[in-house]
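Heads up, start_20.cif below (mmCIF, C-alpha atoms):
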data_work
loop_
_atom_site.group_PDB
_atom_site.id
_atom_site.type_symbol
_atom_site.label_atom_id
_atom_site.label_comp_id
_atom_site.auth_asym_id
_atom_site.auth_seq_id
_atom_site.Cartn_x
_atom_site.Cartn_y
_atom_site.Cartn_z
ATOM 1 C CA MET A 1 89.481 112.223 115.743
ATOM 2 C CA ALA A 2 91.748 112.502 112.689
ATOM 3 C CA GLU A 3 90.612 114.680 109.805
ATOM 4 C CA LEU A 4 90.871 114.088 106.096
ATOM 5 C CA ASN A 5 93.628 116.035 104.399
ATOM 6 C CA GLU A 6 92.409 117.718 101.205
ATOM 7 C CA ILE A 7 95.894 118.104 99.762
ATOM 8 C CA ILE A 8 96.765 114.445 100.221
ATOM 9 C CA HIS A 9 93.358 113.013 99.307
ATOM 10 C CA GLN A 10 93.648 113.917 95.593
ATOM 11 C CA PRO A 11 94.158 110.466 93.907
ATOM 12 C CA VAL A 12 97.569 111.107 92.321
ATOM 13 C CA ARG A 13 98.946 112.839 95.430
ATOM 14 C CA LEU A 14 97.549 110.041 97.611
ATOM 15 C CA ARG A 15 99.497 107.498 95.559
ATOM 16 C CA ILE A 16 102.636 109.689 95.584
ATOM 17 C CA MET A 17 102.540 109.892 99.372
ATOM 18 C CA ALA A 18 101.809 106.149 99.683
ATOM 19 C CA ALA A 19 104.873 105.402 97.546
ATOM 20 C CA LEU A 20 107.168 107.805 99.427
ATOM 21 C CA VAL A 21 106.016 106.689 102.877
ATOM 22 C CA ALA A 22 106.679 103.055 101.866
ATOM 23 C CA LEU A 23 110.379 103.937 101.603
ATOM 24 C CA ASP A 24 112.615 103.838 104.653
ATOM 25 C CA ALA A 25 112.737 107.186 106.505
ATOM 26 C CA ASP A 26 115.155 109.633 104.807
ATOM 27 C CA ASN A 27 115.380 107.530 101.642
ATOM 28 C CA GLU A 28 114.558 109.326 98.425
ATOM 29 C CA VAL A 29 113.326 108.014 95.097
ATOM 30 C CA GLU A 30 114.420 109.169 91.658
ATOM 31 C CA PHE A 31 111.809 111.195 89.746
ATOM 32 C CA THR A 32 111.598 108.866 86.729
ATOM 33 C CA THR A 33 111.239 105.792 88.956
ATOM 34 C CA LEU A 34 108.365 107.483 90.794
ATOM 35 C CA ARG A 35 106.828 108.483 87.467
ATOM 36 C CA ASP A 36 106.973 104.878 86.232
ATOM 37 C CA LEU A 37 105.531 103.583 89.497
ATOM 38 C CA LEU A 38 102.579 105.951 89.254
ATOM 39 C CA GLU A 39 102.246 105.587 85.481
ATOM 40 C CA ALA A 40 102.007 109.385 85.306
ATOM 41 C CA THR A 41 103.403 111.908 82.839
ATOM 42 C CA ASP A 42 106.337 114.160 83.714
ATOM 43 C CA GLY A 43 104.149 117.277 83.723
ATOM 44 C CA ASN A 44 101.350 115.780 85.789
ATOM 45 C CA LEU A 45 103.729 114.347 88.362
ATOM 46 C CA GLY A 46 105.711 117.590 88.520
ATOM 47 C CA ALA A 47 102.574 119.621 89.211
ATOM 48 C CA HIS A 48 101.446 117.353 92.050
ATOM 49 C CA LEU A 49 104.940 117.251 93.533
ATOM 50 C CA ARG A 50 105.011 121.051 93.617
ATOM 51 C CA LYS A 51 101.702 121.093 95.505
ATOM 52 C CA LEU A 52 103.008 118.593 98.053
ATOM 53 C CA GLU A 53 106.314 120.433 98.366
ATOM 54 C CA GLU A 54 104.504 123.733 99.016
ATOM 55 C CA ALA A 55 102.593 121.999 101.821
ATOM 56 C CA GLY A 56 105.880 120.795 103.307
ATOM 57 C CA TYR A 57 104.959 117.141 102.860
ATOM 58 C CA ILE A 58 107.797 116.214 100.520
ATOM 59 C CA ALA A 59 111.347 117.368 99.835
ATOM 60 C CA VAL A 60 112.730 117.648 96.310
ATOM 61 C CA ASN A 61 116.477 117.243 95.933
ATOM 62 C CA LYS A 62 117.983 118.258 92.594
ATOM 63 C CA THR A 63 121.475 116.874 92.209
ATOM 64 C CA PHE A 64 124.003 115.513 89.742
ATOM 65 C CA VAL A 65 124.766 111.810 89.416
ATOM 66 C CA GLU A 66 127.640 110.963 87.075
ATOM 67 C CA ARG A 67 127.400 114.556 85.746
ATOM 68 C CA LYS A 68 123.747 114.140 84.799
ATOM 69 C CA PRO A 69 121.038 116.194 86.516
ATOM 70 C CA ARG A 70 118.780 114.005 88.637
ATOM 71 C CA THR A 71 115.818 114.782 90.849
ATOM 72 C CA PHE A 72 115.146 112.778 94.005
ATOM 73 C CA VAL A 73 111.949 113.016 96.047
ATOM 74 C CA SER A 74 111.304 112.015 99.665
ATOM 75 C CA ALA A 75 108.549 112.352 102.271
ATOM 76 C CA THR A 76 109.294 114.777 105.087
ATOM 77 C CA GLY A 77 108.533 113.991 108.722
ATOM 78 C CA GLU A 78 105.563 116.334 108.523
ATOM 79 C CA GLY A 79 104.418 114.584 105.353
ATOM 80 C CA ARG A 80 104.616 111.168 106.988
ATOM 81 C CA ARG A 81 102.610 112.415 109.977
ATOM 82 C CA ALA A 82 99.978 114.035 107.729
ATOM 83 C CA PHE A 83 99.714 110.868 105.646
ATOM 84 C CA ARG A 84 99.286 108.673 108.733
ATOM 85 C CA ALA A 85 96.585 111.019 110.057
ATOM 86 C CA HIS A 86 94.825 110.886 106.687
ATOM 87 C CA VAL A 87 94.903 107.076 106.679
ATOM 88 C CA SER A 88 93.497 107.067 110.244
ATOM 89 C CA ALA A 89 90.683 109.357 109.131
ATOM 90 C CA LEU A 90 89.877 107.032 106.224
ATOM 91 C CA GLU A 91 89.813 104.033 108.567
ATOM 92 C CA GLU A 92 87.508 105.853 111.000
ATOM 93 C CA ILE A 93 85.045 106.568 108.175
ATOM 94 C CA ILE A 94 84.896 102.870 107.325
ATOM 95 C CA LYS A 95 84.431 101.837 110.967
ATOM 96 C CA LYS A 96 81.451 104.169 111.475
ATOM 97 C CA MET B 1 85.751 117.493 103.621
ATOM 98 C CA ASN B 2 83.318 114.559 103.633
ATOM 99 C CA ILE B 3 83.516 111.304 101.739
ATOM 100 C CA SER B 4 81.428 108.126 101.805
ATOM 101 C CA PRO B 5 82.662 104.839 103.369
ATOM 102 C CA SER B 6 82.994 103.309 99.901
ATOM 103 C CA GLU B 7 85.194 106.224 98.766
ATOM 104 C CA ALA B 8 87.292 105.775 101.906
ATOM 105 C CA GLU B 9 87.639 102.066 101.122
ATOM 106 C CA GLU B 10 88.725 102.869 97.577
ATOM 107 C CA ALA B 11 91.327 105.325 98.862
ATOM 108 C CA LEU B 12 92.714 102.784 101.359
ATOM 109 C CA ALA B 13 92.823 100.118 98.654
ATOM 110 C CA ALA B 14 94.750 102.520 96.400
ATOM 111 C CA ILE B 15 97.216 103.198 99.239
ATOM 112 C CA GLN B 16 97.729 99.485 99.905
ATOM 113 C CA LYS B 17 98.240 98.760 96.224
ATOM 114 C CA MET B 18 100.773 101.577 95.875
ATOM 115 C CA THR B 19 102.622 100.550 99.033
ATOM 116 C CA ARG B 20 102.924 96.964 97.799
ATOM 117 C CA ARG B 21 104.015 98.096 94.369
ATOM 118 C CA THR B 22 106.658 100.427 95.769
ATOM 119 C CA ARG B 23 108.089 97.823 98.124
ATOM 120 C CA HIS B 24 107.968 95.268 95.377
ATOM 121 C CA THR B 25 109.787 97.499 92.923
ATOM 122 C CA ILE B 26 112.258 99.659 94.757
ATOM 123 C CA SER B 27 112.127 99.532 98.496
ATOM 124 C CA SER B 28 112.892 96.725 100.924
ATOM 125 C CA SER B 29 112.299 94.030 98.342
ATOM 126 C CA GLY B 30 115.492 95.145 96.589
ATOM 127 C CA ALA B 31 117.152 92.795 99.062
ATOM 128 C CA TYR B 32 115.550 89.813 97.343
ATOM 129 C CA ILE B 33 118.028 89.938 94.455
ATOM 130 C CA PHE B 34 121.038 89.688 96.767
ATOM 131 C CA LEU B 35 119.367 86.883 98.718
ATOM 132 C CA ILE B 36 118.803 84.906 95.523
ATOM 133 C CA TYR B 37 122.376 85.523 94.307
ATOM 134 C CA THR B 38 123.906 84.540 97.649
ATOM 135 C CA GLY B 39 121.635 81.515 97.964
ATOM 136 C CA MET B 40 122.569 80.293 94.491
ATOM 137 C CA ILE B 41 126.296 80.773 95.150
ATOM 138 C CA TRP B 42 126.061 78.867 98.424
ATOM 139 C CA LEU B 43 123.897 76.136 96.928
ATOM 140 C CA VAL B 44 126.318 75.468 94.050
ATOM 141 C CA GLY B 45 129.495 76.021 96.106
ATOM 142 C CA PHE B 46 128.538 73.802 99.039
ATOM 143 C CA LEU B 47 127.185 71.051 96.796
ATOM 144 C CA ALA B 48 130.621 71.114 95.134
ATOM 145 C CA ASN B 49 132.235 70.854 98.596
ATOM 146 C CA GLN B 50 130.069 67.871 99.454
ATOM 147 C CA PHE B 51 130.384 65.894 96.227
ATOM 148 C CA LEU B 52 133.583 66.993 94.443
ATOM 149 C CA PRO B 53 137.257 66.585 95.396
ATOM 150 C CA GLY B 54 138.645 69.611 97.251
ATOM 151 C CA SER B 55 140.711 70.940 94.350
ATOM 152 C CA GLN B 56 137.727 70.959 91.985
ATOM 153 C CA ALA B 57 135.439 72.523 94.600
ATOM 154 C CA VAL B 58 137.860 75.448 94.905
ATOM 155 C CA TYR B 59 137.448 76.200 91.190
ATOM 156 C CA VAL B 60 133.658 75.999 91.474
ATOM 157 C CA TRP B 61 133.732 78.400 94.440
ATOM 158 C CA ALA B 62 136.004 80.817 92.576
ATOM 159 C CA ALA B 63 133.745 80.800 89.508
ATOM 160 C CA VAL B 64 130.449 81.293 91.355
ATOM 161 C CA SER B 65 131.964 83.899 93.706
ATOM 162 C CA ILE B 66 133.276 86.015 90.820
ATOM 163 C CA LEU B 67 129.973 85.699 88.950
ATOM 164 C CA GLY B 68 128.003 86.562 92.096
ATOM 165 C CA SER B 69 130.202 89.579 92.877
ATOM 166 C CA VAL B 70 129.827 90.982 89.363
ATOM 167 C CA LEU B 71 126.036 90.494 89.430
ATOM 168 C CA SER B 72 125.735 92.006 92.921
ATOM 169 C CA ILE B 73 127.780 95.097 92.034
ATOM 170 C CA ALA B 74 125.784 95.612 88.820
ATOM 171 C CA THR B 75 122.480 95.169 90.672
ATOM 172 C CA GLY B 76 123.562 97.414 93.540
ATOM 173 C CA MET B 77 124.473 100.187 91.117
ATOM 174 C CA ARG B 78 121.120 99.839 89.329
ATOM 175 C CA VAL B 79 119.105 99.891 92.576
ATOM 176 C CA SER B 80 121.061 102.852 93.987
ATOM 177 C CA LYS B 81 120.160 104.896 90.911
ATOM 178 C CA ARG B 82 116.480 104.474 91.743
ATOM 179 C CA VAL B 83 116.538 105.015 95.487
ATOM 180 C CA GLN B 84 119.179 106.615 97.645
ATOM 181 C CA GLY B 85 119.481 107.194 101.339
ATOM 182 C CA PRO B 86 121.319 110.039 103.043
ATOM 183 C CA LEU B 87 124.135 107.667 103.919
ATOM 184 C CA THR B 88 124.483 105.933 100.561
ATOM 185 C CA GLY B 89 126.426 108.601 98.726
ATOM 186 C CA MET B 90 128.260 109.865 101.799
ATOM 187 C CA TYR B 91 129.516 106.495 102.906
ATOM 188 C CA GLY B 92 129.841 104.598 99.604
ATOM 189 C CA LYS B 93 133.642 104.390 99.783
ATOM 190 C CA ARG B 94 133.600 103.716 103.508
ATOM 191 C CA ILE B 95 131.315 100.720 102.934
ATOM 192 C CA GLY B 96 133.869 99.286 100.504
ATOM 193 C CA LEU B 97 136.636 99.953 103.020
ATOM 194 C CA PHE B 98 134.579 98.328 105.778
ATOM 195 C CA TRP B 99 134.233 95.092 103.788
ATOM 196 C CA LEU B 100 137.934 95.157 102.928
ATOM 197 C CA LEU B 101 138.877 95.602 106.594
ATOM 198 C CA LEU B 102 136.435 92.881 107.590
ATOM 199 C CA ALA B 103 138.090 90.517 105.087
ATOM 200 C CA LEU B 104 141.522 91.395 106.515
ATOM 201 C CA PHE B 105 140.331 90.843 110.085
ATOM 202 C CA CYS B 106 138.798 87.543 108.979
ATOM 203 C CA CYS B 107 142.211 86.487 107.556
ATOM 204 C CA ALA B 108 143.882 87.573 110.795
ATOM 205 C CA VAL B 109 141.437 85.572 112.920
ATOM 206 C CA ILE B 110 141.943 82.517 110.709
ATOM 207 C CA ALA B 111 145.724 82.902 111.065
ATOM 208 C CA VAL B 112 145.419 83.096 114.850
ATOM 209 C CA ILE B 113 142.922 80.321 115.512
ATOM 210 C CA GLN B 114 144.190 78.044 112.712
ATOM 211 C CA PRO B 115 140.949 76.130 112.009
ATOM 212 C CA ILE B 116 141.282 72.395 112.422
ATOM 213 C CA ASP B 117 139.507 71.566 109.171
ATOM 214 C CA ALA B 118 137.845 73.059 106.108
ATOM 215 C CA LYS B 119 134.429 73.069 107.772
ATOM 216 C CA GLN B 120 135.613 75.232 110.648
ATOM 217 C CA LEU B 121 137.340 77.550 108.180
ATOM 218 C CA THR B 122 134.135 77.764 106.138
ATOM 219 C CA LEU B 123 132.025 78.611 109.178
ATOM 220 C CA VAL B 124 134.444 81.337 110.321
ATOM 221 C CA ILE B 125 134.272 82.989 106.882
ATOM 222 C CA ILE B 126 130.465 82.687 106.798
ATOM 223 C CA LEU B 127 130.147 84.245 110.255
ATOM 224 C CA PHE B 128 132.333 87.192 109.208
ATOM 225 C CA VAL B 129 130.191 87.710 106.105
ATOM 226 C CA LEU B 130 127.031 87.630 108.237
ATOM 227 C CA VAL B 131 128.546 90.083 110.745
ATOM 228 C CA GLY B 132 129.194 92.447 107.821
ATOM 229 C CA GLN B 133 125.657 91.980 106.532
ATOM 230 C CA SER B 134 124.219 92.639 109.999
ATOM 231 C CA ALA B 135 126.286 95.826 110.265
ATOM 232 C CA MET B 136 124.944 96.998 106.893
ATOM 233 C CA SER B 137 121.376 96.330 108.003
ATOM 234 C CA LEU B 138 121.914 98.311 111.219
ATOM 235 C CA VAL B 139 123.410 101.266 109.361
ATOM 236 C CA PHE B 140 121.030 101.412 106.402
ATOM 237 C CA SER B 141 117.857 99.452 106.913
ATOM 238 C CA PHE B 142 116.901 96.391 108.924
ATOM 239 C CA ALA B 143 115.069 95.113 105.846
ATOM 240 C CA TYR B 144 118.419 95.050 104.020
ATOM 241 C CA GLY B 145 119.958 92.263 106.073
ATOM 242 C CA TRP B 146 117.738 90.911 108.845
ATOM 243 C CA TRP B 147 118.059 87.490 107.233
ATOM 244 C CA ALA B 148 121.702 87.298 108.394
ATOM 245 C CA ILE B 149 120.483 86.344 111.887
ATOM 246 C CA PRO B 150 118.386 83.232 111.009
ATOM 247 C CA ILE B 151 120.890 82.213 108.329
ATOM 248 C CA GLY B 152 123.729 82.438 110.885
ATOM 249 C CA ALA B 153 121.684 80.334 113.332
ATOM 250 C CA LEU B 154 121.036 77.712 110.631
ATOM 251 C CA ALA B 155 124.743 77.583 109.715
ATOM 252 C CA LEU B 156 125.730 77.094 113.372
ATOM 253 C CA ALA B 157 123.052 74.415 113.822
ATOM 254 C CA GLY B 158 124.429 72.517 110.812
ATOM 255 C CA TYR B 159 128.009 72.800 112.080
ATOM 256 C CA PHE B 160 127.252 71.505 115.566
ATOM 257 C CA LEU B 161 124.365 69.095 114.936
ATOM 258 C CA MET B 162 125.194 67.598 111.521
ATOM 259 C CA PRO B 163 128.984 67.845 111.112
ATOM 260 C CA GLY B 164 129.074 64.891 108.713
ATOM 261 C CA TYR B 165 126.674 66.579 106.324
ATOM 262 C CA PHE B 166 127.656 70.200 106.986
ATOM 263 C CA TYR B 167 128.199 71.142 103.332
ATOM 264 C CA LEU B 168 125.009 69.449 102.203
ATOM 265 C CA TRP B 169 123.188 71.178 105.083
ATOM 266 C CA MET B 170 124.617 74.526 104.013
ATOM 267 C CA ALA B 171 123.633 73.948 100.386
ATOM 268 C CA VAL B 172 120.111 72.641 100.894
ATOM 269 C CA LEU B 173 118.987 74.082 104.225
ATOM 270 C CA VAL B 174 120.790 77.442 104.069
ATOM 271 C CA GLY B 175 121.344 78.229 100.354
ATOM 272 C CA GLY B 176 117.957 76.806 99.389
ATOM 273 C CA PRO B 177 115.911 78.825 101.921
ATOM 274 C CA MET B 178 117.792 81.995 100.904
ATOM 275 C CA ILE B 179 116.628 81.477 97.322
ATOM 276 C CA LEU B 180 113.079 80.648 98.458
ATOM 277 C CA LEU B 181 113.005 83.657 100.805
ATOM 278 C CA GLY B 182 114.215 85.893 97.977
ATOM 279 C CA LEU B 183 111.505 84.545 95.674
ATOM 280 C CA PHE B 184 108.889 84.951 98.428
ATOM 281 C CA ILE B 185 109.879 88.602 98.953
ATOM 282 C CA ARG B 186 109.851 89.140 95.194
ATOM 283 C CA TRP B 187 106.368 87.773 94.617
ATOM 284 C CA ARG B 188 104.501 88.067 97.907
ATOM 285 C CA TRP B 189 105.896 90.952 99.965
#
Give the structure from the file, written as structure tokens.
Amino acid sequence: MAELNEIIHQPVRLRIMAALVALDADNEVEFTTLRDLLEATDGNLGAHLRKLEEAGYIAVNKTFVERKPRTFVSATGEGRRAFRAHVSALEEIIKK
Amino acid sequence: MNISPSEAEEALAAIQKMTRRTRHTISSSGAYIFLIYTGMIWLVGFLANQFLPGSQAVYVWAAVSILGSVLSIATGMRVSKRVQGPLTGMYGKRIGLFWLLLALFCCAVIAVIQPIDAKQLTLVIILFVLVGQSAMSLVFSFAYGWWAIPIGALALAGYFLMPGYFYLWMAVLVGGPMILLGLFIRWRW
């Protein structure tokens, strides 16, 4: 039986993971696009991304595009697996 | 960690909403713009082929092709700033080279087979474009160009089954569905 994941279950982090997992594997989304999608502030999003990165669920790629610093975020394989397990756990709770 | 069934339902609903929103905004549905552009170009271009003299149709094709190319490049650049794959940056120039080589091979094939009429020439060019689109979808994402397969089948069906109305077929039954499919992905996917 799958177990709920406390790190992922937090509402903002749940939506972050849902957005990242919706992308094709290995694709990464720009920080400001993710922020707009979630309707979050820079600081709030940054804090939750750090938590997910520490857990190994996401990868943060800081790079330069046209000489401007840009941050891209993607779900790791471990993150995708953890998210799927969390969704399974949620579905099992409803089925009970 | 324990939560109630209603909390679990809320969480799943939030996931579904976010997944839809992401796809709608930046993920697979990015393909809808190119589908709409291509569909509009084909609709206008093939209607010109069907109803205008050949020399005038060429000008219509040139105008819509240039407009479509400019819009596609601008849109592609905007989308790639939002989402990037590991291959996008690495192979950006190679993608351009691939399409250039494909165009050259297409010219070579046309020179060798010497199509008997404009319809055959049109279909050869369309098939090369769809081969390129299929290759892109295999390299990057199936969602990017899966539509090349049914569109290719429709084009072939029109060529073999309705040769007298091939251009009208291409405009209405190929260009039109591309626009509708693009709009469907935009609003419903």
Applying 10 Å and only C-alpha atoms, which residues near Leu35 in chain B remain after dropping the ones on its own chain fewer than 3 positions away? List them as a PyMOL selection string. chain B and resi 30-32+38-41+144-145+147-148+175+177-183+185
Go ahead and save the residues from that selection, with C-alpha atoms, as a short mmCIF file (atom, residue, chain, number, x, y, z; two decimals), in the frame of the given file.
data_model
loop_
_atom_site.label_atom_id
_atom_site.label_comp_id
_atom_site.auth_asym_id
_atom_site.auth_seq_id
_atom_site.Cartn_x
_atom_site.Cartn_y
_atom_site.Cartn_z
CA GLY B 30 115.49 95.14 96.59
CA ALA B 31 117.15 92.80 99.06
CA TYR B 32 115.55 89.81 97.34
CA THR B 38 123.91 84.54 97.65
CA GLY B 39 121.64 81.52 97.96
CA MET B 40 122.57 80.29 94.49
CA ILE B 41 126.30 80.77 95.15
CA TYR B 144 118.42 95.05 104.02
CA GLY B 145 119.96 92.26 106.07
CA TRP B 147 118.06 87.49 107.23
CA ALA B 148 121.70 87.30 108.39
CA GLY B 175 121.34 78.23 100.35
CA PRO B 177 115.91 78.82 101.92
CA MET B 178 117.79 82.00 100.90
CA ILE B 179 116.63 81.48 97.32
CA LEU B 180 113.08 80.65 98.46
CA LEU B 181 113.00 83.66 100.80
CA GLY B 182 114.22 85.89 97.98
CA LEU B 183 111.50 84.54 95.67
CA ILE B 185 109.88 88.60 98.95
#
For Arg186 in chain B, the nearest of the candidates B:Ile36, B:Leu104, B:Leu43, B:Ala135, counting all atoms listed in the file: B:Ile36
For a quick check of understanding, using all atoms listed in the file, which of B:Phe140, B:Leu123, B:Ser69, B:Tyr159 has the smallest distance to chain A?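 Under the stated criterion, the closest residue is B:Phe140.
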Since I can't run it myself right now, could you work out what the PyMOL selection byres ((chain A) within 7 of (chain B)) selects here and report it as a list in words? Leu4, Arg15, Ala18, Ala19, Ala22, Leu23, Asp26, Asn27, Glu28, Val29, Glu30, Thr33, Leu90, Ile93 and Ile94 of chain A
Could you state which residues are captured by the PyMOL selection byres ((chain A and resi 7) around 10) in this file, as a ChimeraX atom specification? /A:4-6,8-11,13-14,48,51-52,55,57,82
Local residues around (111.5, 111.5, 86.5), at most 12 Å away, using all atoms listed in the file, as a list in words: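 Those residues lying close to the given coordinates are Val29, Glu30, Phe31, Thr32, Thr33, Leu34, Arg35, Asp36, Leu37, Leu38, Glu39, Ala40, Thr41, Asp42, Gly43, Asn44, Leu45, Gly46, Leu49, Val60, Lys62, Pro69, Arg70, Thr71, Phe72 and Val73 of chain A; Lys81 and Arg82 of chain B.
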Measure the distance from CA of Val139 in chain B to CA of Ile95 in chain B in Å and round it to one decimal. 10.2 Å
Just the number, please: distance in Å from CA of Val129 in chain B to CA of Leu161 in chain B, one decimal. 21.4 Å
Report, in Å with one decimal, the straight-line distance from CA of Leu127 in chain B to CA of Phe184 in chain B. 24.3 Å
Evaluate the PyMOL selection byres ((chain A and resi 58) around 9) and report residues as a tab-separated table (two decimals) with C-alpha atoms, in the frame of the given file:
chain	number	residue	atom	x	y	z
A	17	MET	CA	102.54	109.89	99.37
A	20	LEU	CA	107.17	107.80	99.43
A	49	LEU	CA	104.94	117.25	93.53
A	50	ARG	CA	105.01	121.05	93.62
A	52	LEU	CA	103.01	118.59	98.05
A	53	GLU	CA	106.31	120.43	98.37
A	54	GLU	CA	104.50	123.73	99.02
A	55	ALA	CA	102.59	122.00	101.82
A	56	GLY	CA	105.88	120.80	103.31
A	57	TYR	CA	104.96	117.14	102.86
A	59	ALA	CA	111.35	117.37	99.84
A	60	VAL	CA	112.73	117.65	96.31
A	73	VAL	CA	111.95	113.02	96.05
A	74	SER	CA	111.30	112.02	99.66
A	75	ALA	CA	108.55	112.35	102.27
A	76	THR	CA	109.29	114.78	105.09
A	77	GLY	CA	108.53	113.99	108.72
A	78	GLU	CA	105.56	116.33	108.52
A	79	GLY	CA	104.42	114.58	105.35
A	80	ARG	CA	104.62	111.17	106.99
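Using all atoms listed in the file, the nearest neighbour of Gly96 in chain B within the list B:Ala118, B:Leu154, B:Met136, B:Ala74 is B:Met136.
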Contact residues around Val58 in chain B with all atoms listed in the file at 12 Å, ignoring same-chain residues under 5 positions, as a PyMOL selection string: chain B and resi 44-50+52-53+63-65+118
